[in-house]
file model.cif (mmCIF, C-alpha atoms)
data_protein
loop_
_atom_site.group_PDB
_atom_site.id
_atom_site.type_symbol
_atom_site.label_atom_id
_atom_site.label_comp_id
_atom_site.auth_asym_id
_atom_site.auth_seq_id
_atom_site.Cartn_x
_atom_site.Cartn_y
_atom_site.Cartn_z
ATOM 1 C CA MET W 1 41.133 -137.380 -60.522
ATOM 2 C CA ALA W 2 38.140 -135.122 -59.778
ATOM 3 C CA GLU W 3 39.662 -134.209 -56.404
ATOM 4 C CA GLU W 4 42.943 -133.189 -58.108
ATOM 5 C CA LYS W 5 41.056 -130.930 -60.545
ATOM 6 C CA SER W 6 39.010 -129.483 -57.703
ATOM 7 C CA MET W 7 42.179 -128.753 -55.701
ATOM 8 C CA ALA W 8 43.871 -127.147 -58.747
ATOM 9 C CA TYR W 9 40.828 -124.970 -59.434
ATOM 10 C CA THR W 10 40.672 -123.949 -55.764
ATOM 11 C CA VAL W 11 44.348 -122.937 -55.783
ATOM 12 C CA ILE W 12 43.915 -120.969 -59.034
ATOM 13 C CA LEU W 13 40.792 -119.284 -57.675
ATOM 14 C CA GLY W 14 42.621 -118.410 -54.442
ATOM 15 C CA VAL W 15 45.556 -116.872 -56.339
ATOM 16 C CA CYS W 16 43.183 -114.852 -58.532
ATOM 17 C CA MET W 17 41.279 -113.615 -55.478
ATOM 18 C CA LEU W 18 44.535 -112.631 -53.772
ATOM 19 C CA LEU W 19 45.681 -110.713 -56.862
ATOM 20 C CA CYS W 20 42.329 -108.928 -57.079
ATOM 21 C CA LEU W 21 42.539 -107.908 -53.420
ATOM 22 C CA LEU W 22 46.081 -106.620 -53.953
ATOM 23 C CA MET W 23 44.973 -104.548 -56.956
ATOM 24 C CA ILE W 24 42.020 -103.100 -55.026
ATOM 25 C CA GLY W 25 44.299 -102.283 -52.086
ATOM 26 C CA ARG W 26 46.808 -100.598 -54.398
ATOM 27 C CA MET W 27 44.013 -98.565 -55.990
ATOM 28 C CA LEU W 28 42.732 -97.408 -52.593
ATOM 29 C CA LEU W 29 46.154 -96.765 -51.044
ATOM 30 C CA GLY W 30 48.170 -95.902 -54.147
ATOM 31 C CA HIS W 31 49.960 -92.620 -54.659
ATOM 32 C CA PRO W 32 49.693 -90.406 -57.728
ATOM 33 C CA ALA W 33 52.623 -90.057 -60.085
ATOM 34 C CA GLN W 34 55.021 -87.291 -59.111
ATOM 35 C CA GLN W 35 54.414 -84.104 -61.018
ATOM 36 C CA GLY W 36 57.340 -81.893 -61.983
ATOM 37 C CA GLN W 37 57.238 -78.174 -62.220
ATOM 38 C CA PRO W 38 55.619 -76.909 -65.387
ATOM 39 C CA GLN W 39 57.867 -76.191 -68.356
ATOM 40 C CA GLY W 40 57.663 -73.399 -70.878
ATOM 41 C CA ALA W 41 57.607 -69.651 -71.087
ATOM 42 C CA GLN W 42 56.280 -67.591 -68.240
ATOM 43 C CA PRO W 43 53.690 -64.848 -68.713
ATOM 44 C CA GLU W 44 54.960 -61.309 -68.712
ATOM 45 C CA ALA W 45 54.238 -58.996 -65.840
ATOM 46 C CA ALA W 46 51.615 -56.410 -66.659
ATOM 47 C CA GLY W 47 53.382 -53.151 -65.984
ATOM 48 C CA GLN W 48 56.743 -53.525 -64.345
ATOM 49 C CA GLY W 49 57.997 -50.152 -63.213
ATOM 50 C CA GLU W 50 61.418 -49.040 -62.018
ATOM 51 C CA GLY W 51 61.715 -50.142 -58.399
ATOM 52 C CA SER W 52 57.938 -50.267 -58.032
ATOM 53 C CA GLY W 53 57.705 -54.054 -58.102
ATOM 54 C CA ILE W 54 56.048 -56.499 -60.425
ATOM 55 C CA GLU W 55 52.376 -56.032 -61.220
ATOM 56 C CA ILE W 56 50.454 -59.180 -62.007
ATOM 57 C CA ASN W 57 46.972 -58.679 -63.407
ATOM 58 C CA GLU W 58 44.301 -61.374 -63.696
ATOM 59 C CA GLN W 59 45.178 -62.180 -67.316
ATOM 60 C CA ALA W 60 48.880 -62.690 -66.513
ATOM 61 C CA LEU W 61 47.902 -64.784 -63.492
ATOM 62 C CA CYS W 62 45.749 -66.997 -65.728
ATOM 63 C CA GLY W 63 48.755 -67.575 -67.991
ATOM 64 C CA LEU W 64 50.951 -68.504 -65.041
ATOM 65 C CA LEU W 65 48.316 -70.801 -63.551
ATOM 66 C CA GLY W 66 47.675 -72.446 -66.913
ATOM 67 C CA GLU W 67 51.278 -73.646 -66.877
ATOM 68 C CA ALA W 68 51.360 -74.519 -63.167
ATOM 69 C CA ILE W 69 48.208 -76.616 -62.960
ATOM 70 C CA PRO W 70 48.817 -80.223 -64.053
ATOM 71 C CA ILE W 71 45.334 -80.406 -65.595
ATOM 72 C CA GLN W 72 44.402 -79.379 -69.121
ATOM 73 C CA ALA W 73 41.708 -76.758 -68.478
ATOM 74 C CA GLU W 74 39.053 -75.840 -71.039
ATOM 75 C CA GLN W 75 38.320 -72.538 -69.301
ATOM 76 C CA LEU W 76 40.421 -70.758 -66.692
ATOM 77 C CA ALA W 77 39.518 -67.574 -64.838
ATOM 78 C CA ALA W 78 41.333 -65.856 -61.982
ATOM 79 C CA HIS W 79 40.103 -63.089 -59.721
ATOM 80 C CA ILE W 80 42.420 -60.935 -57.592
ATOM 81 C CA ASP W 81 40.589 -59.199 -54.755
ATOM 82 C CA ALA W 82 41.764 -56.197 -52.743
ATOM 83 C CA ASP W 83 41.298 -58.216 -49.519
ATOM 84 C CA GLY W 84 44.333 -60.390 -50.374
ATOM 85 C CA THR W 85 42.448 -63.289 -51.918
ATOM 86 C CA VAL W 86 43.093 -64.968 -55.245
ATOM 87 C CA ALA W 87 40.221 -67.093 -56.569
ATOM 88 C CA VAL W 88 40.532 -69.465 -59.518
ATOM 89 C CA THR W 89 37.790 -71.246 -61.444
ATOM 90 C CA LEU W 90 38.454 -73.804 -64.144
ATOM 91 C CA LEU W 91 36.431 -76.150 -66.260
ATOM 92 C CA VAL W 92 38.041 -79.537 -66.957
ATOM 93 C CA GLN W 93 37.092 -82.885 -68.378
ATOM 94 C CA ARG W 94 36.769 -85.691 -65.801
ATOM 95 C CA GLN W 95 39.201 -87.791 -67.848
ATOM 96 C CA ALA W 96 41.820 -85.012 -67.715
ATOM 97 C CA LEU W 97 41.416 -84.947 -63.939
ATOM 98 C CA GLN W 98 41.897 -88.712 -63.783
ATOM 99 C CA ASP W 99 44.968 -88.575 -66.047
ATOM 100 C CA SER W 100 46.591 -85.698 -64.130
ATOM 101 C CA GLY W 101 47.903 -87.828 -61.274
ATOM 102 C CA LEU W 102 46.665 -85.114 -58.924
ATOM 103 C CA VAL W 103 43.956 -87.277 -57.354
ATOM 104 C CA PRO W 104 45.335 -89.827 -54.860
ATOM 105 C CA GLY W 105 44.436 -93.493 -55.188
ATOM 106 C CA SER W 106 41.884 -93.416 -52.382
ATOM 107 C CA LEU W 107 39.808 -90.818 -54.260
ATOM 108 C CA ARG W 108 40.134 -92.065 -57.846
ATOM 109 C CA THR W 109 36.988 -94.157 -57.550
ATOM 110 C CA ALA W 110 35.031 -91.054 -56.494
ATOM 111 C CA LEU W 111 35.952 -89.448 -59.837
ATOM 112 C CA LEU W 112 33.694 -91.956 -61.593
ATOM 113 C CA PHE W 113 30.681 -90.229 -60.049
ATOM 114 C CA LEU W 114 31.592 -86.758 -61.336
ATOM 115 C CA PRO W 115 30.013 -85.393 -64.514
ATOM 116 C CA ALA W 116 32.047 -85.592 -67.743
ATOM 117 C CA GLN W 117 32.841 -81.879 -67.413
ATOM 118 C CA CYS W 118 33.754 -80.602 -63.935
ATOM 119 C CA LYS W 119 34.011 -77.121 -62.462
ATOM 120 C CA LEU W 120 36.934 -76.670 -60.067
ATOM 121 C CA TYR W 121 37.152 -73.707 -57.706
ATOM 122 C CA GLY W 122 39.912 -72.655 -55.337
ATOM 123 C CA ALA W 123 40.613 -69.588 -53.215
ATOM 124 C CA TRP W 124 43.910 -68.698 -51.561
ATOM 125 C CA GLN W 125 45.254 -66.048 -49.219
ATOM 126 C CA ALA W 126 48.799 -64.968 -50.093
ATOM 127 C CA ALA W 127 51.520 -63.509 -47.898
ATOM 128 C CA VAL W 128 55.291 -63.048 -48.004
ATOM 129 C CA GLN W 129 57.453 -64.994 -45.575
ATOM 130 C CA GLN W 130 61.257 -65.100 -45.709
ATOM 131 C CA GLY W 131 61.446 -63.793 -49.257
ATOM 132 C CA GLU W 132 58.840 -66.170 -50.735
ATOM 133 C CA VAL W 133 55.146 -65.990 -51.486
ATOM 134 C CA VAL W 134 53.241 -68.385 -49.242
ATOM 135 C CA LEU W 135 49.725 -69.499 -50.201
ATOM 136 C CA THR W 136 47.057 -70.704 -47.781
ATOM 137 C CA CYS W 137 44.075 -72.491 -49.296
ATOM 138 C CA THR W 138 40.800 -71.139 -47.893
ATOM 139 C CA GLU W 139 38.471 -73.123 -50.150
ATOM 140 C CA ALA W 140 38.801 -75.865 -52.766
ATOM 141 C CA LYS W 141 35.837 -77.504 -54.498
ATOM 142 C CA VAL W 142 34.962 -79.828 -57.347
ATOM 143 C CA GLY W 143 31.424 -78.905 -58.303
ATOM 144 C CA ASP W 144 29.682 -78.545 -54.942
ATOM 145 C CA LEU W 145 32.005 -80.958 -53.101
ATOM 146 C CA THR W 146 34.785 -79.658 -50.870
ATOM 147 C CA LEU W 147 38.151 -81.249 -51.625
ATOM 148 C CA PRO W 148 40.063 -83.031 -48.852
ATOM 149 C CA SER W 149 42.855 -80.927 -47.379
ATOM 150 C CA ALA W 150 45.553 -83.378 -48.571
ATOM 151 C CA LEU W 151 44.519 -82.815 -52.182
ATOM 152 C CA ALA W 152 44.154 -79.045 -51.758
ATOM 153 C CA ASP W 153 47.565 -78.863 -50.036
ATOM 154 C CA GLY W 154 49.276 -80.634 -52.942
ATOM 155 C CA LEU W 155 47.790 -78.214 -55.442
ATOM 156 C CA THR W 156 48.654 -75.254 -53.206
ATOM 157 C CA GLU W 157 52.311 -76.345 -53.075
ATOM 158 C CA GLN W 158 52.466 -76.577 -56.878
ATOM 159 C CA LEU W 159 50.920 -73.139 -57.313
ATOM 160 C CA ALA W 160 53.233 -71.541 -54.733
ATOM 161 C CA ALA W 161 56.258 -73.121 -56.437
ATOM 162 C CA ALA W 162 55.108 -71.749 -59.812
ATOM 163 C CA VAL W 163 54.588 -68.226 -58.430
ATOM 164 C CA ASN W 164 57.949 -68.223 -56.640
ATOM 165 C CA GLY W 165 59.677 -69.657 -59.723
ATOM 166 C CA TYR W 166 58.185 -66.886 -61.857
ATOM 167 C CA LEU W 167 59.302 -64.194 -59.403
ATOM 168 C CA SER W 168 62.779 -65.691 -59.212
ATOM 169 C CA ALA W 169 63.035 -65.703 -63.023
ATOM 170 C CA GLN W 170 62.094 -62.009 -62.952
ATOM 171 C CA GLY W 171 64.913 -61.364 -60.456
ATOM 172 C CA CYS W 172 62.478 -60.448 -57.701
ATOM 173 C CA THR W 173 62.778 -61.492 -54.061
ATOM 174 C CA PRO W 174 59.393 -60.494 -52.625
ATOM 175 C CA HIS W 175 59.220 -58.366 -49.464
ATOM 176 C CA ALA W 176 55.567 -57.302 -49.580
ATOM 177 C CA LEU W 177 52.349 -57.707 -51.563
ATOM 178 C CA ASP W 178 50.092 -54.789 -52.484
ATOM 179 C CA TRP W 179 46.513 -55.710 -53.348
ATOM 180 C CA ALA W 180 43.949 -53.962 -55.536
ATOM 181 C CA ASP W 181 40.917 -55.346 -57.336
ATOM 182 C CA GLY W 182 42.294 -57.111 -60.399
ATOM 183 C CA VAL W 183 45.987 -56.406 -59.725
ATOM 184 C CA LEU W 184 48.599 -57.798 -57.352
ATOM 185 C CA THR W 185 51.884 -55.890 -56.994
ATOM 186 C CA VAL W 186 54.857 -57.823 -55.663
ATOM 187 C CA ARG W 187 57.343 -55.497 -53.984
ATOM 188 C CA GLY W 188 60.911 -56.746 -54.011
#
call {"tool": "encode", "arguments": {"input": "model.cif", "output": "structure tokens"}}
result
Amino acid sequence: MAEEKSMAYTVILGVCMLLCLLMIGRMLLGHPAQQGQPQGAQPEAAGQGEGSGIEINEQALCGLLGEAIPIQAEQLAAHIDADGTVAVTLLVQRQALQDSGLVPGSLRTALLFLPAQCKLYGAWQAAVQQGEVVLTCTEAKVGDLTLPSALADGLTEQLAAAVNGYLSAQGCTPHALDWADGVLTVRG
């Protein structure tokens, strides 16, 4: 009788251990939920002239990014530089970052070691290729830690899709970008 109980407990323990290993493996190798394109109204261009293109200032860019980023940001700031760089800084809660689905399974555990409020920073170079704005991430950080390229690439794709969706809604097929401090003009 004792051997039967021992065997039953061993089998139950083995099944539990197997389930735990499967859950840990899923957490480490899991994929985030698919994020759709943001919904809602788009920001208005700041000074659209006849045939001159669409001017996007830093405030309008913040509005566009606020809808494109799948994270609820407490503070969002964008900086457009004359050298063709767009830099974005946002302050988010760690829980919002976890809930966003943006962080792949292999990095979710690392989120536990972040402070409750995190500063995110990203910088992109923008260019026009085949009638679309293409973004190249030059830097992406959470606090002082550089993000893996897979995570930065996913965010870059979402941002590029939001920018191109906005331009398409404005009836603009971009041909060139003109840069000035604080203002980006999309020529189309």
call {"tool": "atom_distance", "arguments": {"input": "model.cif", "atom1": "atom CA of W:Thr173", "atom2": "atom CA of W:Leu90"}}
result
29.1 Å
call {"tool": "atom_distance", "arguments": {"input": "model.cif", "atom1": "atom CA of W:His79", "atom2": "atom CA of W:Ala127"}}
result
16.4 Å
call {"tool": "residues_around", "arguments": {"input": "model.cif", "residues": "W:Glu132", "least_positions_apart": "5", "cutoff": "10 Å", "atoms": "all atoms listed in the file", "output": "ChimeraX atom specification"}}
result
/W:127,160-161,163-165,167-168,172-176
call {"tool": "resolve_selection", "arguments": {"input": "model.cif", "expression": "the PyMOL selection byres ((chain W and resi 187) around 8)", "output": "list of chain:residue names"}}
result
W:Ser52, W:Gly53, W:Ile54, W:Pro174, W:His175, W:Ala176, W:Leu177, W:Asp178, W:Thr185, W:Val186, W:Gly188
call {"tool": "resolve_selection", "arguments": {"input": "model.cif", "expression": "the PyMOL selection byres ((chain W and resi 62) around 12)", "output": "JSON list (two decimals) with C-alpha atoms, keeping the file's coordinate frame"}}
result
[["chain", "number", "residue", "atom", "x", "y", "z"],
["W", 42, "GLN", "CA", 56.28, -67.59, -68.24],
["W", 43, "PRO", "CA", 53.69, -64.85, -68.71],
["W", 44, "GLU", "CA", 54.96, -61.31, -68.71],
["W", 45, "ALA", "CA", 54.24, -59.00, -65.84],
["W", 56, "ILE", "CA", 50.45, -59.18, -62.01],
["W", 57, "ASN", "CA", 46.97, -58.68, -63.41],
["W", 58, "GLU", "CA", 44.30, -61.37, -63.70],
["W", 59, "GLN", "CA", 45.18, -62.18, -67.32],
["W", 60, "ALA", "CA", 48.88, -62.69, -66.51],
["W", 61, "LEU", "CA", 47.90, -64.78, -63.49],
["W", 63, "GLY", "CA", 48.76, -67.58, -67.99],
["W", 64, "LEU", "CA", 50.95, -68.50, -65.04],
["W", 65, "LEU", "CA", 48.32, -70.80, -63.55],
["W", 66, "GLY", "CA", 47.68, -72.45, -66.91],
["W", 67, "GLU", "CA", 51.28, -73.65, -66.88],
["W", 68, "ALA", "CA", 51.36, -74.52, -63.17],
["W", 69, "ILE", "CA", 48.21, -76.62, -62.96],
["W", 73, "ALA", "CA", 41.71, -76.76, -68.48],
["W", 75, "GLN", "CA", 38.32, -72.54, -69.30],
["W", 76, "LEU", "CA", 40.42, -70.76, -66.69],
["W", 77, "ALA", "CA", 39.52, -67.57, -64.84],
["W", 78, "ALA", "CA", 41.33, -65.86, -61.98],
["W", 79, "HIS", "CA", 40.10, -63.09, -59.72],
["W", 80, "ILE", "CA", 42.42, -60.94, -57.59],
["W", 86, "VAL", "CA", 43.09, -64.97, -55.24],
["W", 87, "ALA", "CA", 40.22, -67.09, -56.57],
["W", 88, "VAL", "CA", 40.53, -69.46, -59.52],
["W", 89, "THR", "CA", 37.79, -71.25, -61.44],
["W", 90, "LEU", "CA", 38.45, -73.80, -64.14],
["W", 159, "LEU", "CA", 50.92, -73.14, -57.31],
["W", 163, "VAL", "CA", 54.59, -68.23, -58.43],
["W", 182, "GLY", "CA", 42.29, -57.11, -60.40]]
call {"tool": "atom_distance", "arguments": {"input": "model.cif", "atom1": "atom CA of W:Gln72", "atom2": "atom CA of W:Gln93"}}
result
8.1 Å
call {"tool": "resolve_selection", "arguments": {"input": "model.cif", "expression": "the PyMOL selection byres ((chain W and resi 148) around 12)", "output": "list in words"}}
result
Val103, Pro104, Ser106, Leu107, Cys137, Thr138, Glu139, Ala140, Lys141, Val142, Leu145, Thr146, Leu147, Ser149, Ala150, Leu151, Ala152, Asp153, Gly154 and Leu155 of chain W
call {"tool": "closest_residue", "arguments": {"input": "model.cif", "among": "W:Val183, W:Ala162, W:Ala116, W:Ile12", "to": "W:Leu135", "atoms": "only C-alpha atoms"}}
result
W:Ala162
call {"tool": "closest_residue", "arguments": {"input": "model.cif", "among": "W:Asp99, W:Asp181, W:Glu74, W:Asp83", "to": "W:Gln125", "atoms": "all atoms listed in the file"}}
result
W:Asp83
call {"tool": "closest_residue", "arguments": {"input": "model.cif", "among": "W:Val92, W:Ile71, W:Ala123, W:Ala82", "to": "W:Ala180", "atoms": "all atoms listed in the file"}}
result
W:Ala82
